[in-house]
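Novice: The file below is protein-v3.tsv, TSV, C-alpha atoms:
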```
chain	number	residue	atom	x	y	z
A	1	MET	CA	-15.58	10.27	43.00
A	2	ARG	CA	-14.34	9.57	39.48
A	3	ARG	CA	-17.64	7.82	38.64
A	4	LEU	CA	-19.56	10.86	39.96
A	5	ALA	CA	-17.52	13.18	37.78
A	6	THR	CA	-18.17	10.95	34.79
A	7	ALA	CA	-21.89	10.93	35.52
A	8	ILE	CA	-21.95	14.74	35.82
A	9	ALA	CA	-20.07	15.03	32.57
A	10	LEU	CA	-22.58	12.78	30.80
A	11	VAL	CA	-25.40	14.99	32.04
A	12	LEU	CA	-23.68	18.26	31.10
A	13	LEU	CA	-22.46	17.27	27.65
A	14	PRO	CA	-25.88	17.53	25.96
A	15	VAL	CA	-26.46	20.87	27.70
A	16	LEU	CA	-23.10	22.21	26.54
A	17	ALA	CA	-23.74	20.93	23.02
A	18	ALA	CA	-27.13	22.62	22.96
A	19	SER	CA	-25.55	25.85	24.16
A	20	ALA	CA	-22.97	25.67	21.38
A	21	ALA	CA	-25.71	25.02	18.83
A	22	ALA	CA	-27.70	27.96	20.17
A	23	ALA	CA	-24.62	30.17	19.80
A	24	GLU	CA	-24.19	28.98	16.21
A	25	GLU	CA	-27.85	29.64	15.51
A	26	LYS	CA	-27.25	33.33	16.17
A	27	GLU	CA	-24.70	33.67	13.35
A	28	LEU	CA	-24.90	34.11	9.61
A	29	LEU	CA	-21.91	34.29	7.27
A	30	LEU	CA	-22.85	36.18	4.11
A	31	PHE	CA	-20.59	36.15	1.02
A	32	ASN	CA	-21.75	38.87	-1.38
A	33	TRP	CA	-20.57	41.15	-4.15
A	34	SER	CA	-18.82	44.27	-2.87
A	35	ASN	CA	-21.00	47.30	-2.06
A	36	TYR	CA	-24.12	45.26	-2.77
A	37	MET	CA	-26.02	45.13	0.53
A	38	SER	CA	-27.42	47.92	2.68
A	39	PRO	CA	-25.67	47.95	6.09
A	40	ASP	CA	-28.87	49.33	7.63
A	41	LEU	CA	-30.84	46.41	6.22
A	42	LEU	CA	-28.42	43.93	7.78
A	43	LYS	CA	-28.72	45.75	11.11
A	44	ARG	CA	-32.49	45.49	10.94
A	45	PHE	CA	-32.26	41.75	10.22
A	46	GLU	CA	-30.00	41.41	13.24
A	47	ALA	CA	-32.41	43.41	15.41
A	48	GLU	CA	-35.44	41.40	14.31
A	49	THR	CA	-33.86	37.96	14.58
A	50	GLY	CA	-30.98	38.32	17.04
A	51	ILE	CA	-28.74	36.76	14.38
A	52	LYS	CA	-25.34	38.39	13.91
A	53	VAL	CA	-24.36	38.81	10.25
A	54	THR	CA	-20.73	38.71	9.13
A	55	LEU	CA	-20.24	40.00	5.59
A	56	ASP	CA	-17.36	39.06	3.28
A	57	THR	CA	-17.22	40.28	-0.33
A	58	TYR	CA	-15.99	39.19	-3.74
A	59	ASP	CA	-15.67	40.85	-7.15
A	60	THR	CA	-16.64	38.12	-9.63
A	61	ASN	CA	-18.64	34.92	-9.81
A	62	GLU	CA	-15.40	33.13	-10.63
A	63	SER	CA	-13.63	34.28	-7.46
A	64	MET	CA	-16.63	33.28	-5.33
A	65	LEU	CA	-16.75	29.85	-6.96
A	66	ALA	CA	-13.02	29.34	-6.56
A	67	LYS	CA	-13.25	30.02	-2.83
A	68	LEU	CA	-16.14	27.60	-2.38
A	69	GLN	CA	-14.45	24.91	-4.45
A	70	ALA	CA	-11.31	25.31	-2.34
A	71	GLY	CA	-13.29	24.58	0.82
A	72	GLY	CA	-14.76	28.02	1.37
A	73	ALA	CA	-15.04	29.50	4.82
A	74	GLY	CA	-18.30	28.00	5.99
A	75	TYR	CA	-20.43	30.63	4.28
A	76	ASP	CA	-24.18	30.37	4.83
A	77	VAL	CA	-25.41	32.54	1.95
A	78	VAL	CA	-23.80	33.41	-1.39
A	79	VAL	CA	-25.14	35.56	-4.24
A	80	PRO	CA	-24.46	33.97	-7.66
A	81	THR	CA	-25.74	35.21	-11.00
A	82	GLY	CA	-28.19	32.88	-12.78
A	83	PRO	CA	-25.82	30.89	-15.02
A	84	THR	CA	-23.32	30.50	-12.17
A	85	LEU	CA	-26.09	29.27	-9.89
A	86	GLN	CA	-27.10	26.75	-12.55
A	87	GLN	CA	-23.52	25.48	-12.63
A	88	MET	CA	-23.45	25.28	-8.82
A	89	ILE	CA	-26.68	23.27	-8.76
A	90	ARG	CA	-25.29	20.92	-11.40
A	91	ASP	CA	-22.05	20.45	-9.46
A	92	GLY	CA	-23.75	19.92	-6.09
A	93	LEU	CA	-22.33	23.09	-4.54
A	94	VAL	CA	-25.62	24.41	-3.13
A	95	LEU	CA	-28.24	22.99	-0.79
A	96	LYS	CA	-31.91	22.56	-1.52
A	97	VAL	CA	-33.76	25.13	0.62
A	98	ASP	CA	-37.25	25.16	-0.98
A	99	ALA	CA	-37.58	28.92	-1.17
A	100	ASN	CA	-40.88	28.28	-2.97
A	101	ALA	CA	-42.36	27.12	0.35
A	102	MET	CA	-41.27	30.18	2.34
A	103	PRO	CA	-44.01	32.61	3.52
A	104	ASN	CA	-42.72	35.57	1.48
A	105	TYR	CA	-42.30	33.61	-1.75
A	106	LYS	CA	-45.81	34.72	-2.68
A	107	ASN	CA	-44.29	38.16	-3.35
A	108	VAL	CA	-41.94	36.99	-6.12
A	109	LYS	CA	-42.87	38.42	-9.54
A	110	LYS	CA	-43.11	36.47	-12.74
A	111	PRO	CA	-40.90	35.33	-14.46
A	112	PHE	CA	-38.51	35.39	-11.47
A	113	ASP	CA	-40.62	32.76	-9.69
A	114	HIS	CA	-39.71	30.13	-12.30
A	115	PRO	CA	-36.34	31.03	-13.84
A	116	GLY	CA	-34.67	28.63	-16.24
A	117	PHE	CA	-31.64	28.12	-13.99
A	118	ASP	CA	-33.78	27.02	-10.99
A	119	SER	CA	-37.27	26.48	-12.32
A	120	ASP	CA	-38.97	25.70	-9.02
A	121	ARG	CA	-36.78	27.97	-6.86
A	122	ALA	CA	-35.79	24.88	-4.89
A	123	TYR	CA	-32.23	26.15	-4.45
A	124	SER	CA	-32.49	29.94	-4.50
A	125	ALA	CA	-34.39	33.16	-3.88
A	126	PRO	CA	-34.13	36.20	-6.16
A	127	TYR	CA	-32.13	39.30	-5.24
A	128	MET	CA	-31.32	42.15	-7.65
A	129	TRP	CA	-31.46	42.15	-11.43
A	130	GLY	CA	-30.18	44.57	-14.01
A	131	SER	CA	-28.23	45.19	-17.18
A	132	THR	CA	-24.63	45.83	-18.16
A	133	GLY	CA	-24.20	48.72	-20.53
A	134	LEU	CA	-21.91	51.51	-21.60
A	135	VAL	CA	-21.46	54.71	-19.58
A	136	TYR	CA	-19.73	57.89	-20.67
A	137	ASP	CA	-19.27	61.50	-19.58
A	138	THR	CA	-20.91	63.83	-22.08
A	139	THR	CA	-18.42	66.60	-21.24
A	140	LYS	CA	-15.49	64.43	-22.34
A	141	VAL	CA	-16.52	63.92	-25.96
A	142	ALA	CA	-16.77	66.36	-28.86
A	143	GLY	CA	-20.41	67.22	-29.47
A	144	GLY	CA	-21.49	65.63	-26.19
A	145	ASN	CA	-22.96	62.48	-27.76
A	146	ILE	CA	-21.81	59.05	-28.91
A	147	ASP	CA	-23.56	56.38	-30.96
A	148	ASP	CA	-25.55	53.63	-29.19
A	149	THR	CA	-23.15	50.84	-30.12
A	150	TRP	CA	-20.47	48.72	-28.48
A	151	LYS	CA	-18.11	50.08	-31.15
A	152	GLU	CA	-17.68	53.19	-28.97
A	153	LEU	CA	-16.16	50.97	-26.27
A	154	PHE	CA	-14.21	48.44	-28.32
A	155	GLU	CA	-13.02	50.78	-31.09
A	156	PRO	CA	-13.00	54.06	-29.16
A	157	ARG	CA	-12.68	57.50	-30.69
A	158	PRO	CA	-9.64	59.61	-29.65
A	159	ASP	CA	-11.59	61.36	-26.86
A	160	PHE	CA	-11.58	58.14	-24.83
A	161	ILE	CA	-8.12	56.70	-25.48
A	162	GLY	CA	-6.53	55.82	-22.14
A	163	LYS	CA	-9.69	56.86	-20.29
A	164	ILE	CA	-11.73	53.64	-20.41
A	165	GLY	CA	-12.66	51.45	-17.45
A	166	MET	CA	-13.48	47.81	-18.19
A	167	LEU	CA	-15.12	45.34	-15.83
A	168	LYS	CA	-12.62	42.67	-14.84
A	169	ASP	CA	-15.35	40.13	-15.38
A	170	MET	CA	-14.72	37.49	-18.02
A	171	GLY	CA	-18.37	36.75	-18.73
A	172	GLU	CA	-19.38	40.39	-19.08
A	173	VAL	CA	-16.47	41.35	-21.33
A	174	MET	CA	-16.72	38.27	-23.54
A	175	THR	CA	-20.48	38.60	-23.94
A	176	ALA	CA	-20.30	42.29	-24.89
A	177	ALA	CA	-17.56	41.55	-27.42
A	178	ALA	CA	-19.60	38.67	-28.87
A	179	TYR	CA	-22.67	40.90	-29.20
A	180	TYR	CA	-20.66	43.57	-31.01
A	181	LEU	CA	-19.18	41.07	-33.46
A	182	GLY	CA	-22.54	39.39	-34.04
A	183	PHE	CA	-21.57	36.09	-32.43
A	184	ASP	CA	-23.55	33.89	-30.08
A	185	GLN	CA	-22.69	34.80	-26.48
A	186	CYS	CA	-21.68	31.17	-25.93
A	187	THR	CA	-19.74	30.65	-29.14
A	188	GLU	CA	-17.54	27.55	-29.28
A	189	LYS	CA	-15.95	28.43	-32.62
A	190	PRO	CA	-12.16	28.97	-32.42
A	191	GLU	CA	-12.23	31.35	-35.38
A	192	GLU	CA	-14.80	33.55	-33.63
A	193	GLY	CA	-12.78	33.36	-30.43
A	194	GLN	CA	-9.75	34.55	-32.36
A	195	LYS	CA	-11.67	37.57	-33.67
A	196	MET	CA	-12.84	38.41	-30.13
A	197	LEU	CA	-9.25	38.20	-28.86
A	198	GLU	CA	-8.02	40.45	-31.66
A	199	LEU	CA	-10.75	43.00	-30.88
A	200	LEU	CA	-9.92	43.04	-27.16
A	201	GLU	CA	-6.16	43.18	-27.70
A	202	LYS	CA	-6.58	46.09	-30.09
A	203	GLN	CA	-8.74	47.89	-27.50
A	204	LYS	CA	-6.37	47.19	-24.58
A	205	PRO	CA	-4.03	50.22	-25.03
A	206	ALA	CA	-7.09	52.48	-24.68
A	207	VAL	CA	-8.08	50.87	-21.36
A	208	LYS	CA	-6.96	52.59	-18.19
A	209	ILE	CA	-8.07	49.83	-15.81
A	210	TYR	CA	-9.69	46.40	-15.68
A	211	SER	CA	-11.62	46.18	-12.41
A	212	ALA	CA	-15.09	45.17	-11.25
A	213	GLU	CA	-14.69	47.15	-8.04
A	214	GLY	CA	-14.72	50.91	-7.50
A	215	THR	CA	-16.67	51.66	-10.67
A	216	VAL	CA	-18.94	54.22	-8.97
A	217	ASP	CA	-16.10	56.34	-7.60
A	218	ARG	CA	-14.05	55.89	-10.74
A	219	VAL	CA	-16.80	57.40	-12.88
A	220	ALA	CA	-18.02	59.98	-10.38
A	221	ASN	CA	-14.51	61.30	-9.75
A	222	GLY	CA	-13.73	61.60	-13.44
A	223	GLU	CA	-10.93	59.03	-13.33
A	224	VAL	CA	-12.35	57.53	-16.53
A	225	ALA	CA	-14.42	59.09	-19.29
A	226	MET	CA	-16.07	55.82	-20.33
A	227	GLU	CA	-16.92	52.72	-18.30
A	228	HIS	CA	-18.26	49.23	-18.97
A	229	MET	CA	-20.76	49.32	-16.13
A	230	TRP	CA	-23.70	47.73	-14.32
A	231	ASN	CA	-26.81	49.92	-14.35
A	232	GLY	CA	-27.14	50.19	-10.56
A	233	SER	CA	-23.55	51.34	-10.24
A	234	PHE	CA	-24.33	53.93	-12.92
A	235	HIS	CA	-27.26	55.26	-10.90
A	236	ARG	CA	-25.05	55.86	-7.89
A	237	ALA	CA	-22.35	57.49	-10.03
A	238	HIS	CA	-24.94	59.68	-11.76
A	239	ALA	CA	-26.11	60.97	-8.38
A	240	LYS	CA	-22.59	62.35	-7.92
A	241	LEU	CA	-21.88	63.39	-11.52
A	242	SER	CA	-24.94	64.44	-13.52
A	243	THR	CA	-23.12	64.59	-16.88
A	244	VAL	CA	-22.74	60.82	-17.24
A	245	VAL	CA	-25.16	58.84	-19.44
A	246	TYR	CA	-26.11	55.16	-19.58
A	247	VAL	CA	-26.26	53.60	-23.04
A	248	TYR	CA	-28.04	50.39	-24.13
A	249	PRO	CA	-25.92	49.34	-27.16
A	250	ARG	CA	-28.12	48.25	-30.05
A	251	GLU	CA	-26.20	44.99	-30.63
A	252	GLY	CA	-27.43	43.64	-27.30
A	253	VAL	CA	-27.10	44.21	-23.55
A	254	ASN	CA	-26.62	41.61	-20.84
A	255	LEU	CA	-29.73	41.07	-18.71
A	256	TRP	CA	-28.69	39.33	-15.51
A	257	GLY	CA	-30.16	38.38	-12.16
A	258	ASP	CA	-28.43	37.67	-8.85
A	259	ASN	CA	-29.78	35.16	-6.37
A	260	PHE	CA	-29.41	34.09	-2.77
A	261	ALA	CA	-28.30	30.48	-2.32
A	262	VAL	CA	-27.01	28.34	0.54
A	263	PRO	CA	-23.70	26.63	-0.27
A	264	LYS	CA	-22.88	23.07	0.63
A	265	GLY	CA	-21.09	23.08	3.99
A	266	ALA	CA	-23.09	26.00	5.43
A	267	LYS	CA	-23.15	25.85	9.22
A	268	HIS	CA	-26.30	27.90	9.81
A	269	VAL	CA	-28.79	26.63	7.26
A	270	GLU	CA	-31.94	27.57	9.18
A	271	ASN	CA	-30.64	31.11	9.68
A	272	ALA	CA	-29.90	31.28	5.98
A	273	LYS	CA	-33.51	30.34	5.24
A	274	LEU	CA	-34.71	33.10	7.58
A	275	PHE	CA	-32.53	35.56	5.68
A	276	LEU	CA	-33.85	34.46	2.28
A	277	ASN	CA	-37.43	34.87	3.49
A	278	PHE	CA	-36.57	38.28	5.00
A	279	MET	CA	-35.21	39.48	1.67
A	280	MET	CA	-38.42	38.55	-0.17
A	281	ASP	CA	-40.41	41.06	1.90
A	282	PRO	CA	-41.41	44.09	-0.25
A	283	LYS	CA	-40.03	46.74	2.12
A	284	ASN	CA	-36.73	44.91	2.50
A	285	ALA	CA	-36.40	44.35	-1.25
A	286	ALA	CA	-37.10	48.05	-1.85
A	287	GLU	CA	-34.48	49.06	0.71
A	288	ALA	CA	-31.98	46.86	-1.10
A	289	SER	CA	-32.89	48.52	-4.41
A	290	ASN	CA	-32.61	51.99	-2.90
A	291	PHE	CA	-29.08	51.16	-1.74
A	292	THR	CA	-27.79	49.27	-4.77
A	293	GLY	CA	-29.57	51.15	-7.55
A	294	TYR	CA	-30.79	47.86	-9.07
A	295	ASN	CA	-34.29	46.56	-9.60
A	296	ASN	CA	-35.69	43.67	-7.57
A	297	ALA	CA	-38.04	40.79	-8.25
A	298	ILE	CA	-40.54	41.43	-5.46
A	299	SER	CA	-44.07	42.67	-6.11
A	300	ALA	CA	-45.45	45.58	-4.06
A	301	SER	CA	-41.90	46.85	-3.48
A	302	GLU	CA	-42.30	49.64	-6.04
A	303	GLN	CA	-44.16	51.89	-3.62
A	304	TYR	CA	-41.12	51.93	-1.33
A	305	VAL	CA	-38.53	52.56	-4.06
A	306	LYS	CA	-37.15	56.11	-4.27
A	307	GLU	CA	-38.76	58.30	-6.93
A	308	ASP	CA	-35.48	59.29	-8.57
A	309	LEU	CA	-34.68	55.59	-8.97
A	310	ARG	CA	-38.07	54.73	-10.43
A	311	ASN	CA	-37.64	57.55	-12.96
A	312	ASP	CA	-34.12	56.55	-14.03
A	313	PRO	CA	-34.16	54.91	-17.51
A	314	ALA	CA	-31.08	52.91	-16.48
A	315	PHE	CA	-33.19	51.38	-13.67
A	316	ASN	CA	-36.47	51.01	-15.55
A	317	THR	CA	-35.55	50.20	-19.14
A	318	PRO	CA	-37.59	52.25	-21.65
A	319	GLU	CA	-40.08	50.02	-23.46
A	320	ALA	CA	-38.53	50.74	-26.86
A	321	LEU	CA	-35.16	49.43	-25.63
A	322	ILE	CA	-36.37	46.25	-23.94
A	323	PRO	CA	-35.71	44.13	-27.10
A	324	ARG	CA	-32.00	44.96	-26.67
A	325	LEU	CA	-31.87	43.09	-23.35
A	326	LYS	CA	-30.51	39.55	-23.73
A	327	GLN	CA	-30.71	36.98	-20.94
A	328	THR	CA	-27.37	35.57	-19.83
A	329	THR	CA	-27.12	31.80	-20.16
A	330	LEU	CA	-24.85	29.04	-18.89
A	331	CYS	CA	-22.36	28.29	-21.65
A	332	SER	CA	-21.07	24.84	-22.51
A	333	LYS	CA	-17.69	23.66	-21.24
A	334	ALA	CA	-16.23	24.16	-24.71
A	335	ALA	CA	-17.47	27.76	-24.79
A	336	LEU	CA	-16.18	28.45	-21.27
A	337	ASP	CA	-12.80	26.93	-22.12
A	338	LEU	CA	-12.58	29.19	-25.16
A	339	ARG	CA	-13.41	32.21	-23.00
A	340	GLU	CA	-10.77	31.22	-20.47
A	341	ARG	CA	-8.09	31.00	-23.15
A	342	ILE	CA	-9.03	34.45	-24.53
A	343	TRP	CA	-9.18	35.98	-21.05
A	344	THR	CA	-5.81	34.55	-20.03
A	345	ARG	CA	-4.18	35.86	-23.19
A	346	LEU	CA	-5.78	39.28	-22.77
A	347	LEU	CA	-4.70	39.86	-19.16
A	348	ARG	CA	-1.27	38.25	-19.26
```
Since I need it in another form, could you write the structure as C-alpha cells?
Specialist:
Amino acid sequence: MRRLATAIALVLLPVLAASAAAAEEKELLLFNWSNYMSPDLLKRFEAETGIKVTLDTYDTNESMLAKLQAGGAGYDVVVPTGPTLQQMIRDGLVLKVDANAMPNYKNVKKPFDHPGFDSDRAYSAPYMWGSTGLVYDTTKVAGGNIDDTWKELFEPRPDFIGKIGMLKDMGEVMTAAAYYLGFDQCTEKPEEGQKMLELLEKQKPAVKIYSAEGTVDRVANGEVAMEHMWNGSFHRAHAKLSTVVYVYPREGVNLWGDNFAVPKGAKHVENAKLFLNFMMDPKNAAEASNFTGYNNAISASEQYVKEDLRNDPAFNTPEALIPRLKQTTLCSKAALDLRERIWTRLLR
C-alpha cells in the first residue's frame, strides 16, 4: 500500500508542479512610479492575456533601487530612468530580455531604439519621456510673469517665499542647481559641490515641501505657488488650474526617459516580456500618454493621443526651446558621492 502511495505521488508531483507553474504564469508584479500607469490599460492587459497584474509604487529611482538591492519582492517589471537603468545593467540587476526581437519593437522611434544606456535594447523597452521644468501660478506673482530662469526657483522673489514645492529627487534637484550655476550636471569638484549646497540651503526656508509625490494636487489646489515639476504632472495640474504655466529655464532642462526592465529574481519573466511587447503597441502607448501627460517613444501613436495633449507646449516642446533640453547621464561614483553628501546635508 505504501509503495502504491509512493508511486501515485511520483506521478502526481509533475502534474502539481505544472499546475503551480501555470498559476504563476498568470501573475505579473509591476513596480512603477506612483500615478504613472493607466488602471484601464492594466485591466485591458489582464483581459487580453489572463495575467493578473499587481502594482506597487515608488517615488524615486533611489528608493526602487534600494528595495531591489535589499532583495526586492520578486518584482517582474520595474521602470527606471535611463541613467539608473545603465547602472542596473552594469551591476547585474536586470535580465536580458531582447526587446529588440519582440514583434512590436518595429514601432519604436529613433533615437529611442538605440539609446546610449542600452544601445541594442537588450535589457529594456521604452516607456514615457519628458522634461523637468519650473511651474508657477500666474495669479500669485506681481505682473503675472516671471523670467525663464532657474533663478526664480533657487533665489525666489518675495511672492513665492514659503510657497515652493521641490521634488524630493536628488538627481533632479542637483542637476537643476548645477545648470543654474553653470556646472556640469555630473560635477566631481568639491568647490562646485559646496556652491550648490550653499544655494540649496539658502533656498530651503522658501520651500514649503520636498516631495516627488502629490505634485499634481499640490499645484492644482493652490497649496504651492511654484513647483519643480515633471511636464506630464504639469499637464494634469493645468487641466484643473488653467492659470499655471510651464517654464523651460534657459540654463538647461532635464530631458529624461523611463524604461521597462525585468529585474534579476523576477518570477514571471515570460509574462514580463508579454507586457513589454504590449506596451510598444501604438494604441497602448497613446493610452499611457493620455493618462500620464507624457510623450512616448512609439511611432503611429500620435493619432490616438488627445488633441489637448498634442497642443500642449509642455508635452510637445516648441522647436525654439529644444536646444534647452539636456539629456540626463549616468554620473561617476565620485559625482554621485558628492551629490549624496550635499543631499544628506540639505535634508538633515
Novice: Tell me which of A:Lys67, A:Asn35, A:Glu152, A:Gly162 sits closest to Arg236 (chain A), counting only C-alpha atoms.
Specialist: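 Checking each candidate against Arg236 (chain A), we get A:Asn35 as the closest.
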Novice: Smallest atom-to-atom distance to His238 (chain A): which of A:Leu309, A:Leu42, A:Ile51, A:Ala212, using only C-alpha atoms?
Specialist: A:Leu309
Novice: Considering all atoms listed in the file, tabulate each residue of region 169-262 of chain A that lies at most 9 Å from region 132-144 of chain A along with its nearest interatomic pair and the corresponding distance in Å to one decimal; arrange the rows by chain and ascending residue number and present them as a Markdown table.
Specialist:
```
| residue | atom | partner | partner_atom | distance |
| --- | --- | --- | --- | --- |
| A:Glu172 | CA | A:Thr132 | CA | 7.6 |
| A:Ala176 | CA | A:Gly133 | CA | 8.7 |
| A:Val219 | CA | A:Asp137 | CA | 8.2 |
| A:Gly222 | CA | A:Asp137 | CA | 8.3 |
| A:Val224 | CA | A:Tyr136 | CA | 8.5 |
| A:Ala225 | CA | A:Asp137 | CA | 5.4 |
| A:Met226 | CA | A:Tyr136 | CA | 4.2 |
| A:Glu227 | CA | A:Val135 | CA | 5.1 |
| A:His228 | CA | A:Leu134 | CA | 5.0 |
| A:Met229 | CA | A:Thr132 | CA | 5.6 |
| A:Trp230 | CA | A:Thr132 | CA | 4.4 |
| A:Asn231 | CA | A:Thr132 | CA | 6.0 |
| A:Phe234 | CA | A:Val135 | CA | 7.3 |
| A:Leu241 | CA | A:Asp137 | CA | 8.7 |
| A:Ser242 | CA | A:Asp137 | CA | 8.8 |
| A:Thr243 | CA | A:Asp137 | CA | 5.6 |
| A:Val244 | CA | A:Asp137 | CA | 4.2 |
| A:Val245 | CA | A:Val135 | CA | 5.5 |
| A:Tyr246 | CA | A:Val135 | CA | 4.7 |
| A:Val247 | CA | A:Leu134 | CA | 5.0 |
| A:Tyr248 | CA | A:Gly133 | CA | 5.5 |
| A:Pro249 | CA | A:Gly133 | CA | 6.9 |
| A:Val253 | CA | A:Thr132 | CA | 6.1 |
| A:Asn254 | CA | A:Thr132 | CA | 5.4 |
| A:Leu255 | CA | A:Thr132 | CA | 7.0 |
| A:Trp256 | CA | A:Thr132 | CA | 8.1 |
```
Novice: Just to confirm, what's the straight-line distance from CA of Pro190 (chain A) to CA of Asp337 (chain A) in Å (one decimal)?
Specialist: 10.5 Å
Novice: Can you work out which one of A:Pro39, A:Pro126, A:Pro313, A:Gly193 has the shortest atom-to-atom distance to Tyr105 (chain A), counting all atoms listed in the file?
Specialist: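 For Tyr105 (chain A), the nearest of the candidates is A:Pro126.
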Novice: So which one's closest to Thr328 (chain A), A:Asn259, A:Asn32, A:Thr175, A:Asn295? Using all atoms listed in the file, please.
Specialist: A:Thr175
Novice: Any chance you could tabulate, as JSON lines, the residues of region 250-330 of chain A at most 8 Å from region 95-98 of chain A with each one's nearest atom pair and distance in Å to one decimal, using only C-alpha atoms, in chain and rising number order?
Specialist:
```
{"residue": "A:Ala261", "atom": "CA", "partner": "A:Leu95", "partner_atom": "CA", "distance": 7.6}
{"residue": "A:Val262", "atom": "CA", "partner": "A:Leu95", "partner_atom": "CA", "distance": 5.6}
{"residue": "A:Pro263", "atom": "CA", "partner": "A:Leu95", "partner_atom": "CA", "distance": 5.8}
{"residue": "A:Lys264", "atom": "CA", "partner": "A:Leu95", "partner_atom": "CA", "distance": 5.5}
{"residue": "A:Lys273", "atom": "CA", "partner": "A:Val97", "partner_atom": "CA", "distance": 7.0}
```
Novice: As a PDB file, keeping the file's coordinate frame, please: region 29-44 of chain A completed to N, CA, C and O atoms.
Specialist:
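rebuild_4.pdb was written with the following content:
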```
ATOM      1  N   LEU A  29     -23.061  33.853   8.052  1.00  0.00           N
ATOM      2  CA  LEU A  29     -21.910  34.290   7.270  1.00  0.00           C
ATOM      3  C   LEU A  29     -22.370  34.519   5.840  1.00  0.00           C
ATOM      4  O   LEU A  29     -22.737  33.578   5.125  1.00  0.00           O
ATOM      5  N   LEU A  30     -22.367  35.776   5.424  1.00  0.00           N
ATOM      6  CA  LEU A  30     -22.850  36.180   4.110  1.00  0.00           C
ATOM      7  C   LEU A  30     -21.679  36.525   3.207  1.00  0.00           C
ATOM      8  O   LEU A  30     -20.810  37.315   3.576  1.00  0.00           O
ATOM      9  N   PHE A  31     -21.648  35.924   2.020  1.00  0.00           N
ATOM     10  CA  PHE A  31     -20.590  36.150   1.020  1.00  0.00           C
ATOM     11  C   PHE A  31     -21.263  36.795  -0.185  1.00  0.00           C
ATOM     12  O   PHE A  31     -22.006  36.143  -0.921  1.00  0.00           O
ATOM     13  N   ASN A  32     -20.998  38.086  -0.399  1.00  0.00           N
ATOM     14  CA  ASN A  32     -21.750  38.870  -1.380  1.00  0.00           C
ATOM     15  C   ASN A  32     -20.802  39.700  -2.235  1.00  0.00           C
ATOM     16  O   ASN A  32     -19.642  39.912  -1.884  1.00  0.00           O
ATOM     17  N   TRP A  33     -21.320  40.200  -3.350  1.00  0.00           N
ATOM     18  CA  TRP A  33     -20.570  41.150  -4.150  1.00  0.00           C
ATOM     19  C   TRP A  33     -20.270  42.398  -3.321  1.00  0.00           C
ATOM     20  O   TRP A  33     -21.029  42.745  -2.407  1.00  0.00           O
ATOM     21  N   SER A  34     -19.187  43.082  -3.625  1.00  0.00           N
ATOM     22  CA  SER A  34     -18.820  44.270  -2.870  1.00  0.00           C
ATOM     23  C   SER A  34     -19.825  45.395  -3.080  1.00  0.00           C
ATOM     24  O   SER A  34     -20.358  45.562  -4.186  1.00  0.00           O
ATOM     25  N   ASN A  35     -20.106  46.134  -2.022  1.00  0.00           N
ATOM     26  CA  ASN A  35     -21.000  47.300  -2.060  1.00  0.00           C
ATOM     27  C   ASN A  35     -22.375  46.938  -2.621  1.00  0.00           C
ATOM     28  O   ASN A  35     -22.948  47.665  -3.432  1.00  0.00           O
ATOM     29  N   TYR A  36     -22.908  45.805  -2.173  1.00  0.00           N
ATOM     30  CA  TYR A  36     -24.120  45.260  -2.770  1.00  0.00           C
ATOM     31  C   TYR A  36     -25.171  44.863  -1.730  1.00  0.00           C
ATOM     32  O   TYR A  36     -26.057  44.087  -2.028  1.00  0.00           O
ATOM     33  N   MET A  37     -25.049  45.412  -0.523  1.00  0.00           N
ATOM     34  CA  MET A  37     -26.020  45.130   0.530  1.00  0.00           C
ATOM     35  C   MET A  37     -26.063  46.297   1.497  1.00  0.00           C
ATOM     36  O   MET A  37     -25.022  46.741   1.987  1.00  0.00           O
ATOM     37  N   SER A  38     -27.252  46.794   1.769  1.00  0.00           N
ATOM     38  CA  SER A  38     -27.420  47.920   2.680  1.00  0.00           C
ATOM     39  C   SER A  38     -27.007  47.533   4.102  1.00  0.00           C
ATOM     40  O   SER A  38     -27.574  46.594   4.675  1.00  0.00           O
ATOM     41  N   PRO A  39     -26.041  48.243   4.694  1.00  0.00           N
ATOM     42  CA  PRO A  39     -25.670  47.950   6.090  1.00  0.00           C
ATOM     43  C   PRO A  39     -26.846  48.125   7.045  1.00  0.00           C
ATOM     44  O   PRO A  39     -26.994  47.354   8.008  1.00  0.00           O
ATOM     45  N   ASP A  40     -27.707  49.105   6.768  1.00  0.00           N
ATOM     46  CA  ASP A  40     -28.870  49.330   7.630  1.00  0.00           C
ATOM     47  C   ASP A  40     -29.843  48.161   7.555  1.00  0.00           C
ATOM     48  O   ASP A  40     -30.479  47.797   8.552  1.00  0.00           O
ATOM     49  N   LEU A  41     -29.952  47.561   6.377  1.00  0.00           N
ATOM     50  CA  LEU A  41     -30.840  46.410   6.220  1.00  0.00           C
ATOM     51  C   LEU A  41     -30.322  45.220   7.015  1.00  0.00           C
ATOM     52  O   LEU A  41     -31.092  44.506   7.661  1.00  0.00           O
ATOM     53  N   LEU A  42     -29.007  45.020   6.991  1.00  0.00           N
ATOM     54  CA  LEU A  42     -28.420  43.930   7.780  1.00  0.00           C
ATOM     55  C   LEU A  42     -28.621  44.175   9.273  1.00  0.00           C
ATOM     56  O   LEU A  42     -28.899  43.243  10.032  1.00  0.00           O
ATOM     57  N   LYS A  43     -28.503  45.428   9.687  1.00  0.00           N
ATOM     58  CA  LYS A  43     -28.720  45.750  11.110  1.00  0.00           C
ATOM     59  C   LYS A  43     -30.155  45.466  11.518  1.00  0.00           C
ATOM     60  O   LYS A  43     -30.418  44.999  12.628  1.00  0.00           O
ATOM     61  N   ARG A  44     -31.091  45.743  10.622  1.00  0.00           N
ATOM     62  CA  ARG A  44     -32.490  45.490  10.940  1.00  0.00           C
ATOM     63  C   ARG A  44     -32.753  43.981  11.020  1.00  0.00           C
ATOM     64  O   ARG A  44     -33.519  43.523  11.875  1.00  0.00           O
TER      65      ARG A  44
END
```
